[in-house]
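Trainee: Below are the structure tokens for one structure; questions will follow.
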Amino acid sequence: MVVGAFPMAKLLYLGIRQVSKPLANRIKEAARRSEFFKTYVCLPPAQLYHWAEMRAKMHIMGFSAEAVKPLNEAAAAELGAELLGEAIIFITACSCLMLEYWRQQSHQRRKKEQRRLSWDALQDEVGQLALELEALKAQMRAAAPRAALEELRAELREVRVRLCDTDPPPAPPGE
């Protein structure tokens, strides 16, 4: 199955036409009820579209393009209603796509900002831990001689006990 050969643009256009039919029918009804709506809203886009289409076709076939006749009023009202319905659906769909794109972009920016803030917080935490580690190392260096002193005191007590062969002296206060 060849996916690239399938005309996606044609499918999209047919989808827009199908979705816009109920709207076009309502616009046709409004054009039938209101002469102003038909004359100033439906007819101008239909006549312009017809003129551009016929001029392009005649140019392609090699005929003079000045001989394009306008559509009759009923056909123009119907074509104008269909064009307006398709335009409304197309503009609505494009607007929804743009809004969704902007929402996605905003979401990505928020996620990026949250990651940056998390990274900064982790860096700060690592910095704090490094400072605490340095403080602990300094305490360990300061505590090492104290432990050696305690060891020496214990050995001294043992020697006294052996020499005197009596009860060991009481430990000095504060130990």
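Residue numbering restarts at 1 for every chain of the structure tokens, chains are lettered A, B, ... in their displayed order, and ligands are numbered from 1 as they appear.
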Which residues are near range 81-86 of chain A? Cut-off 12 Å, only C-alpha atoms, ignore same chain within fewer than 2 positions. Put them as a PDB file with N, CA, C and O atoms, in the first residue's frame.
Mentor:
ATOM      1  N   LEU A  12      -8.975  15.872   2.607  1.00  0.00           N
ATOM      2  CA  LEU A  12      -9.249  16.963   3.540  1.00  0.00           C
ATOM      3  C   LEU A  12     -10.319  17.889   2.980  1.00  0.00           C
ATOM      4  O   LEU A  12     -11.246  18.289   3.694  1.00  0.00           O
ATOM      5  N   TYR A  13     -10.217  18.208   1.691  1.00  0.00           N
ATOM      6  CA  TYR A  13     -11.206  19.085   1.061  1.00  0.00           C
ATOM      7  C   TYR A  13     -12.595  18.444   1.082  1.00  0.00           C
ATOM      8  O   TYR A  13     -13.585  19.106   1.403  1.00  0.00           O
ATOM      9  N   LEU A  14     -12.656  17.149   0.763  1.00  0.00           N
ATOM     10  CA  LEU A  14     -13.952  16.461   0.792  1.00  0.00           C
ATOM     11  C   LEU A  14     -14.524  16.418   2.203  1.00  0.00           C
ATOM     12  O   LEU A  14     -15.733  16.559   2.400  1.00  0.00           O
ATOM     13  N   GLY A  15     -13.652  16.237   3.195  1.00  0.00           N
ATOM     14  CA  GLY A  15     -14.109  16.259   4.579  1.00  0.00           C
ATOM     15  C   GLY A  15     -14.690  17.609   4.960  1.00  0.00           C
ATOM     16  O   GLY A  15     -15.741  17.694   5.608  1.00  0.00           O
ATOM     17  N   ILE A  16     -14.019  18.677   4.556  1.00  0.00           N
ATOM     18  CA  ILE A  16     -14.511  20.035   4.853  1.00  0.00           C
ATOM     19  C   ILE A  16     -15.855  20.254   4.162  1.00  0.00           C
ATOM     20  O   ILE A  16     -16.784  20.818   4.743  1.00  0.00           O
ATOM     21  N   ARG A  17     -15.985  19.788   2.925  1.00  0.00           N
ATOM     22  CA  ARG A  17     -17.256  19.962   2.207  1.00  0.00           C
ATOM     23  C   ARG A  17     -18.384  19.205   2.907  1.00  0.00           C
ATOM     24  O   ARG A  17     -19.507  19.717   3.024  1.00  0.00           O
ATOM     25  N   GLN A  18     -18.106  17.988   3.359  1.00  0.00           N
ATOM     26  CA  GLN A  18     -19.139  17.202   4.037  1.00  0.00           C
ATOM     27  C   GLN A  18     -19.569  17.863   5.342  1.00  0.00           C
ATOM     28  O   GLN A  18     -20.753  17.923   5.665  1.00  0.00           O
ATOM     29  N   VAL A  19     -18.597  18.344   6.089  1.00  0.00           N
ATOM     30  CA  VAL A  19     -18.910  18.967   7.376  1.00  0.00           C
ATOM     31  C   VAL A  19     -19.641  20.288   7.169  1.00  0.00           C
ATOM     32  O   VAL A  19     -20.493  20.685   7.966  1.00  0.00           O
ATOM     33  N   SER A  20     -19.328  20.985   6.062  1.00  0.00           N
ATOM     34  CA  SER A  20     -19.909  22.314   5.858  1.00  0.00           C
ATOM     35  C   SER A  20     -21.294  22.268   5.213  1.00  0.00           C
ATOM     36  O   SER A  20     -21.958  23.305   5.145  1.00  0.00           O
ATOM     37  N   LYS A  21     -21.759  21.108   4.754  1.00  0.00           N
ATOM     38  CA  LYS A  21     -23.069  21.053   4.081  1.00  0.00           C
ATOM     39  C   LYS A  21     -24.220  21.543   4.965  1.00  0.00           C
ATOM     40  O   LYS A  21     -25.039  22.338   4.505  1.00  0.00           O
ATOM     41  N   PRO A  22     -24.327  21.097   6.224  1.00  0.00           N
ATOM     42  CA  PRO A  22     -25.436  21.618   7.042  1.00  0.00           C
ATOM     43  C   PRO A  22     -25.359  23.138   7.233  1.00  0.00           C
ATOM     44  O   PRO A  22     -26.385  23.826   7.201  1.00  0.00           O
ATOM     45  N   LEU A  23     -24.146  23.651   7.381  1.00  0.00           N
ATOM     46  CA  LEU A  23     -23.987  25.100   7.530  1.00  0.00           C
ATOM     47  C   LEU A  23     -24.356  25.811   6.231  1.00  0.00           C
ATOM     48  O   LEU A  23     -25.027  26.850   6.243  1.00  0.00           O
ATOM     49  N   ALA A  24     -23.946  25.249   5.101  1.00  0.00           N
ATOM     50  CA  ALA A  24     -24.289  25.845   3.809  1.00  0.00           C
ATOM     51  C   ALA A  24     -25.798  25.849   3.603  1.00  0.00           C
ATOM     52  O   ALA A  24     -26.359  26.823   3.061  1.00  0.00           O
ATOM     53  N   ASN A  25     -26.471  24.806   4.029  1.00  0.00           N
ATOM     54  CA  ASN A  25     -27.940  24.763   3.901  1.00  0.00           C
ATOM     55  C   ASN A  25     -28.598  25.860   4.726  1.00  0.00           C
ATOM     56  O   ASN A  25     -29.569  26.479   4.290  1.00  0.00           O
ATOM     57  N   ARG A  26     -28.070  26.108   5.896  1.00  0.00           N
ATOM     58  CA  ARG A  26     -28.631  27.203   6.723  1.00  0.00           C
ATOM     59  C   ARG A  26     -28.367  28.563   6.086  1.00  0.00           C
ATOM     60  O   ARG A  26     -29.215  29.452   6.146  1.00  0.00           O
ATOM     61  N   ILE A  27     -27.174  28.718   5.488  1.00  0.00           N
ATOM     62  CA  ILE A  27     -26.858  29.985   4.819  1.00  0.00           C
ATOM     63  C   ILE A  27     -27.771  30.169   3.610  1.00  0.00           C
ATOM     64  O   ILE A  27     -28.254  31.277   3.345  1.00  0.00           O
ATOM     65  N   LYS A  28     -28.065  29.086   2.878  1.00  0.00           N
ATOM     66  CA  LYS A  28     -28.989  29.166   1.735  1.00  0.00           C
ATOM     67  C   LYS A  28     -30.372  29.612   2.196  1.00  0.00           C
ATOM     68  O   LYS A  28     -31.021  30.454   1.556  1.00  0.00           O
ATOM     69  N   GLU A  29     -30.820  29.042   3.318  1.00  0.00           N
ATOM     70  CA  GLU A  29     -32.119  29.446   3.861  1.00  0.00           C
ATOM     71  C   GLU A  29     -32.118  30.920   4.235  1.00  0.00           C
ATOM     72  O   GLU A  29     -33.082  31.633   3.979  1.00  0.00           O
ATOM     73  N   ALA A  30     -31.040  31.375   4.836  1.00  0.00           N
ATOM     74  CA  ALA A  30     -30.950  32.796   5.200  1.00  0.00           C
ATOM     75  C   ALA A  30     -30.944  33.666   3.952  1.00  0.00           C
ATOM     76  O   ALA A  30     -31.545  34.755   3.939  1.00  0.00           O
ATOM     77  N   ALA A  31     -30.283  33.199   2.891  1.00  0.00           N
ATOM     78  CA  ALA A  31     -30.261  33.968   1.641  1.00  0.00           C
ATOM     79  C   ALA A  31     -31.648  34.025   1.008  1.00  0.00           C
ATOM     80  O   ALA A  31     -32.018  35.037   0.404  1.00  0.00           O
ATOM     81  N   ARG A  32     -32.418  32.951   1.138  1.00  0.00           N
ATOM     82  CA  ARG A  32     -33.784  32.957   0.597  1.00  0.00           C
ATOM     83  C   ARG A  32     -34.692  33.912   1.380  1.00  0.00           C
ATOM     84  O   ARG A  32     -35.585  34.551   0.811  1.00  0.00           O
ATOM     85  N   PHE A  37     -28.997  39.882   2.779  1.00  0.00           N
ATOM     86  CA  PHE A  37     -27.992  38.838   3.032  1.00  0.00           C
ATOM     87  C   PHE A  37     -27.546  38.191   1.729  1.00  0.00           C
ATOM     88  O   PHE A  37     -26.361  37.964   1.497  1.00  0.00           O
ATOM     89  N   LYS A  38     -28.527  37.907   0.855  1.00  0.00           N
ATOM     90  CA  LYS A  38     -28.201  37.277  -0.417  1.00  0.00           C
ATOM     91  C   LYS A  38     -27.363  38.220  -1.283  1.00  0.00           C
ATOM     92  O   LYS A  38     -26.339  37.813  -1.839  1.00  0.00           O
ATOM     93  N   THR A  39     -27.765  39.480  -1.363  1.00  0.00           N
ATOM     94  CA  THR A  39     -27.102  40.431  -2.253  1.00  0.00           C
ATOM     95  C   THR A  39     -25.704  40.807  -1.784  1.00  0.00           C
ATOM     96  O   THR A  39     -24.774  40.878  -2.594  1.00  0.00           O
ATOM     97  N   TYR A  40     -25.544  41.038  -0.493  1.00  0.00           N
ATOM     98  CA  TYR A  40     -24.271  41.565  -0.002  1.00  0.00           C
ATOM     99  C   TYR A  40     -23.354  40.546   0.669  1.00  0.00           C
ATOM    100  O   TYR A  40     -22.182  40.831   0.874  1.00  0.00           O
ATOM    101  N   VAL A  41     -23.887  39.382   1.015  1.00  0.00           N
ATOM    102  CA  VAL A  41     -23.054  38.382   1.685  1.00  0.00           C
ATOM    103  C   VAL A  41     -22.800  37.171   0.793  1.00  0.00           C
ATOM    104  O   VAL A  41     -21.665  36.715   0.672  1.00  0.00           O
ATOM    105  N   CYS A  42     -23.834  36.644   0.151  1.00  0.00           N
ATOM    106  CA  CYS A  42     -23.678  35.405  -0.624  1.00  0.00           C
ATOM    107  C   CYS A  42     -23.209  35.636  -2.057  1.00  0.00           C
ATOM    108  O   CYS A  42     -22.362  34.894  -2.560  1.00  0.00           O
ATOM    109  N   LEU A  43     -23.777  36.625  -2.729  1.00  0.00           N
ATOM    110  CA  LEU A  43     -23.477  36.804  -4.152  1.00  0.00           C
ATOM    111  C   LEU A  43     -22.045  37.267  -4.450  1.00  0.00           C
ATOM    112  O   LEU A  43     -21.421  36.730  -5.376  1.00  0.00           O
ATOM    113  N   PRO A  44     -21.467  38.238  -3.717  1.00  0.00           N
ATOM    114  CA  PRO A  44     -20.114  38.687  -4.093  1.00  0.00           C
ATOM    115  C   PRO A  44     -19.046  37.595  -4.073  1.00  0.00           C
ATOM    116  O   PRO A  44     -18.306  37.462  -5.063  1.00  0.00           O
ATOM    117  N   PRO A  45     -18.946  36.754  -3.010  1.00  0.00           N
ATOM    118  CA  PRO A  45     -17.903  35.719  -3.082  1.00  0.00           C
ATOM    119  C   PRO A  45     -18.171  34.700  -4.187  1.00  0.00           C
ATOM    120  O   PRO A  45     -17.245  34.203  -4.822  1.00  0.00           O
ATOM    121  N   ALA A  46     -19.457  34.415  -4.471  1.00  0.00           N
ATOM    122  CA  ALA A  46     -19.786  33.447  -5.518  1.00  0.00           C
ATOM    123  C   ALA A  46     -19.398  33.992  -6.886  1.00  0.00           C
ATOM    124  O   ALA A  46     -18.799  33.278  -7.702  1.00  0.00           O
ATOM    125  N   GLN A  47     -19.740  35.235  -7.169  1.00  0.00           N
ATOM    126  CA  GLN A  47     -19.396  35.829  -8.468  1.00  0.00           C
ATOM    127  C   GLN A  47     -17.880  35.934  -8.634  1.00  0.00           C
ATOM    128  O   GLN A  47     -17.345  35.646  -9.709  1.00  0.00           O
ATOM    129  N   LEU A  48     -17.182  36.305  -7.576  1.00  0.00           N
ATOM    130  CA  LEU A  48     -15.723  36.402  -7.646  1.00  0.00           C
ATOM    131  C   LEU A  48     -15.099  35.029  -7.893  1.00  0.00           C
ATOM    132  O   LEU A  48     -14.215  34.875  -8.743  1.00  0.00           O
ATOM    133  N   TYR A  49     -15.572  34.029  -7.173  1.00  0.00           N
ATOM    134  CA  TYR A  49     -15.061  32.674  -7.347  1.00  0.00           C
ATOM    135  C   TYR A  49     -15.346  32.186  -8.775  1.00  0.00           C
ATOM    136  O   TYR A  49     -14.472  31.633  -9.446  1.00  0.00           O
ATOM    137  N   HIS A  50     -16.576  32.394  -9.255  1.00  0.00           N
ATOM    138  CA  HIS A  50     -16.948  31.974 -10.605  1.00  0.00           C
ATOM    139  C   HIS A  50     -16.090  32.688 -11.647  1.00  0.00           C
ATOM    140  O   HIS A  50     -15.604  32.063 -12.592  1.00  0.00           O
ATOM    141  N   ALA A  74     -29.786  32.749  -8.610  1.00  0.00           N
ATOM    142  CA  ALA A  74     -30.073  31.552  -7.802  1.00  0.00           C
ATOM    143  C   ALA A  74     -28.826  30.674  -7.675  1.00  0.00           C
ATOM    144  O   ALA A  74     -28.484  30.204  -6.580  1.00  0.00           O
ATOM    145  N   ALA A  75     -28.134  30.464  -8.793  1.00  0.00           N
ATOM    146  CA  ALA A  75     -26.924  29.641  -8.760  1.00  0.00           C
ATOM    147  C   ALA A  75     -25.833  30.328  -7.941  1.00  0.00           C
ATOM    148  O   ALA A  75     -25.083  29.681  -7.196  1.00  0.00           O
ATOM    149  N   ALA A  76     -25.743  31.655  -8.091  1.00  0.00           N
ATOM    150  CA  ALA A  76     -24.737  32.388  -7.333  1.00  0.00           C
ATOM    151  C   ALA A  76     -25.027  32.341  -5.839  1.00  0.00           C
ATOM    152  O   ALA A  76     -24.105  32.211  -5.024  1.00  0.00           O
ATOM    153  N   ALA A  77     -26.294  32.433  -5.454  1.00  0.00           N
ATOM    154  CA  ALA A  77     -26.648  32.361  -4.030  1.00  0.00           C
ATOM    155  C   ALA A  77     -26.292  30.996  -3.468  1.00  0.00           C
ATOM    156  O   ALA A  77     -25.758  30.881  -2.363  1.00  0.00           O
ATOM    157  N   GLU A  78     -26.571  29.948  -4.248  1.00  0.00           N
ATOM    158  CA  GLU A  78     -26.241  28.608  -3.783  1.00  0.00           C
ATOM    159  C   GLU A  78     -24.734  28.414  -3.676  1.00  0.00           C
ATOM    160  O   GLU A  78     -24.224  27.898  -2.675  1.00  0.00           O
ATOM    161  N   LEU A  79     -24.002  28.827  -4.706  1.00  0.00           N
ATOM    162  CA  LEU A  79     -22.538  28.712  -4.681  1.00  0.00           C
ATOM    163  C   LEU A  79     -21.953  29.557  -3.545  1.00  0.00           C
ATOM    164  O   LEU A  79     -21.054  29.121  -2.825  1.00  0.00           O
ATOM    165  N   ILE A  88     -16.149  29.076   6.551  1.00  0.00           N
ATOM    166  CA  ILE A  88     -16.353  29.121   8.008  1.00  0.00           C
ATOM    167  C   ILE A  88     -15.773  27.874   8.670  1.00  0.00           C
ATOM    168  O   ILE A  88     -15.057  27.966   9.674  1.00  0.00           O
ATOM    169  N   ILE A  89     -16.062  26.702   8.089  1.00  0.00           N
ATOM    170  CA  ILE A  89     -15.529  25.459   8.657  1.00  0.00           C
ATOM    171  C   ILE A  89     -14.005  25.454   8.563  1.00  0.00           C
ATOM    172  O   ILE A  89     -13.309  25.084   9.517  1.00  0.00           O
ATOM    173  N   PHE A  90     -13.470  25.861   7.425  1.00  0.00           N
ATOM    174  CA  PHE A  90     -12.021  25.878   7.240  1.00  0.00           C
ATOM    175  C   PHE A  90     -11.351  26.833   8.226  1.00  0.00           C
ATOM    176  O   PHE A  90     -10.357  26.480   8.874  1.00  0.00           O
ATOM    177  N   ILE A  91     -11.894  28.016   8.372  1.00  0.00           N
ATOM    178  CA  ILE A  91     -11.318  28.995   9.299  1.00  0.00           C
ATOM    179  C   ILE A  91     -11.422  28.498  10.737  1.00  0.00           C
ATOM    180  O   ILE A  91     -10.482  28.628  11.528  1.00  0.00           O
ATOM    181  N   THR A  92     -12.546  27.888  11.074  1.00  0.00           N
ATOM    182  CA  THR A  92     -12.712  27.337  12.427  1.00  0.00           C
ATOM    183  C   THR A  92     -11.707  26.227  12.684  1.00  0.00           C
ATOM    184  O   THR A  92     -11.069  26.183  13.741  1.00  0.00           O
ATOM    185  N   ALA A  93     -11.555  25.324  11.704  1.00  0.00           N
ATOM    186  CA  ALA A  93     -10.604  24.218  11.867  1.00  0.00           C
ATOM    187  C   ALA A  93      -9.168  24.740  11.986  1.00  0.00           C
ATOM    188  O   ALA A  93      -8.401  24.286  12.841  1.00  0.00           O
ATOM    189  N   CYS A  94      -8.818  25.700  11.150  1.00  0.00           N
ATOM    190  CA  CYS A  94      -7.463  26.275  11.224  1.00  0.00           C
ATOM    191  C   CYS A  94      -7.244  26.981  12.553  1.00  0.00           C
ATOM    192  O   CYS A  94      -6.159  26.882  13.138  1.00  0.00           O
TER     193      CYS A  94
END
Trainee: Can you work out the spacing between CA of Ser34 in chain A and CA of Ser95 in chain A in Å, to one decimal?
Mentor: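 About the pair CA of Ser34 in chain A and CA of Ser95 in chain A: they are 29.0 Å apart.
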Trainee: Please identify the alpha helix (DSSP H) residues within range 16-122 of chain A (assignment by DSSP from backbone atoms) and present them as an NGL selection string.
Mentor: :A and (16-33 or 35-37 or 43-61 or 73-122)
Trainee: State, in Å with one decimal place, the distance from CA of Glu53 in chain A to CA of Gly80 in chain A.
Mentor: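 Value for the CA of Glu53 in chain A-CA of Gly80 in chain A distance: 13.7 Å.
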Trainee: Just the residues within 10 Å of Met54 in chain A, please, counting only C-alpha atoms, with nothing from its chain fewer than 6 positions along; format it as a PDB file with N, CA and C atoms, in the first residue's frame.
Mentor:
ATOM      1  N   LEU A  48     -17.182  36.305  -7.576  1.00  0.00           N
ATOM      2  CA  LEU A  48     -15.723  36.402  -7.646  1.00  0.00           C
ATOM      3  C   LEU A  48     -15.099  35.029  -7.893  1.00  0.00           C
ATOM      4  N   ILE A  60      -6.441  28.591 -19.731  1.00  0.00           N
ATOM      5  CA  ILE A  60      -5.786  27.301 -19.962  1.00  0.00           C
ATOM      6  C   ILE A  60      -6.161  26.751 -21.348  1.00  0.00           C
ATOM      7  N   ALA A  65     -10.309  35.612 -22.049  1.00  0.00           N
ATOM      8  CA  ALA A  65     -10.897  35.527 -20.712  1.00  0.00           C
ATOM      9  C   ALA A  65     -11.830  36.674 -20.412  1.00  0.00           C
ATOM     10  N   GLU A  66     -11.977  37.631 -21.333  1.00  0.00           N
ATOM     11  CA  GLU A  66     -12.862  38.769 -21.057  1.00  0.00           C
ATOM     12  C   GLU A  66     -14.331  38.425 -21.225  1.00  0.00           C
ATOM     13  N   ALA A  67     -14.625  37.304 -21.829  1.00  0.00           N
ATOM     14  CA  ALA A  67     -16.007  36.954 -22.129  1.00  0.00           C
ATOM     15  C   ALA A  67     -16.671  36.144 -21.023  1.00  0.00           C
ATOM     16  N   VAL A  68     -16.210  36.255 -19.780  1.00  0.00           N
ATOM     17  CA  VAL A  68     -16.788  35.503 -18.667  1.00  0.00           C
ATOM     18  C   VAL A  68     -18.112  36.150 -18.277  1.00  0.00           C
ATOM     19  N   LYS A  69     -19.166  35.351 -18.305  1.00  0.00           N
ATOM     20  CA  LYS A  69     -20.491  35.855 -17.940  1.00  0.00           C
ATOM     21  C   LYS A  69     -20.738  35.550 -16.467  1.00  0.00           C
ATOM     22  N   PRO A  70     -21.427  36.448 -15.753  1.00  0.00           N
ATOM     23  CA  PRO A  70     -21.727  36.176 -14.345  1.00  0.00           C
ATOM     24  C   PRO A  70     -22.783  35.081 -14.224  1.00  0.00           C
TER      25      PRO A  70
END
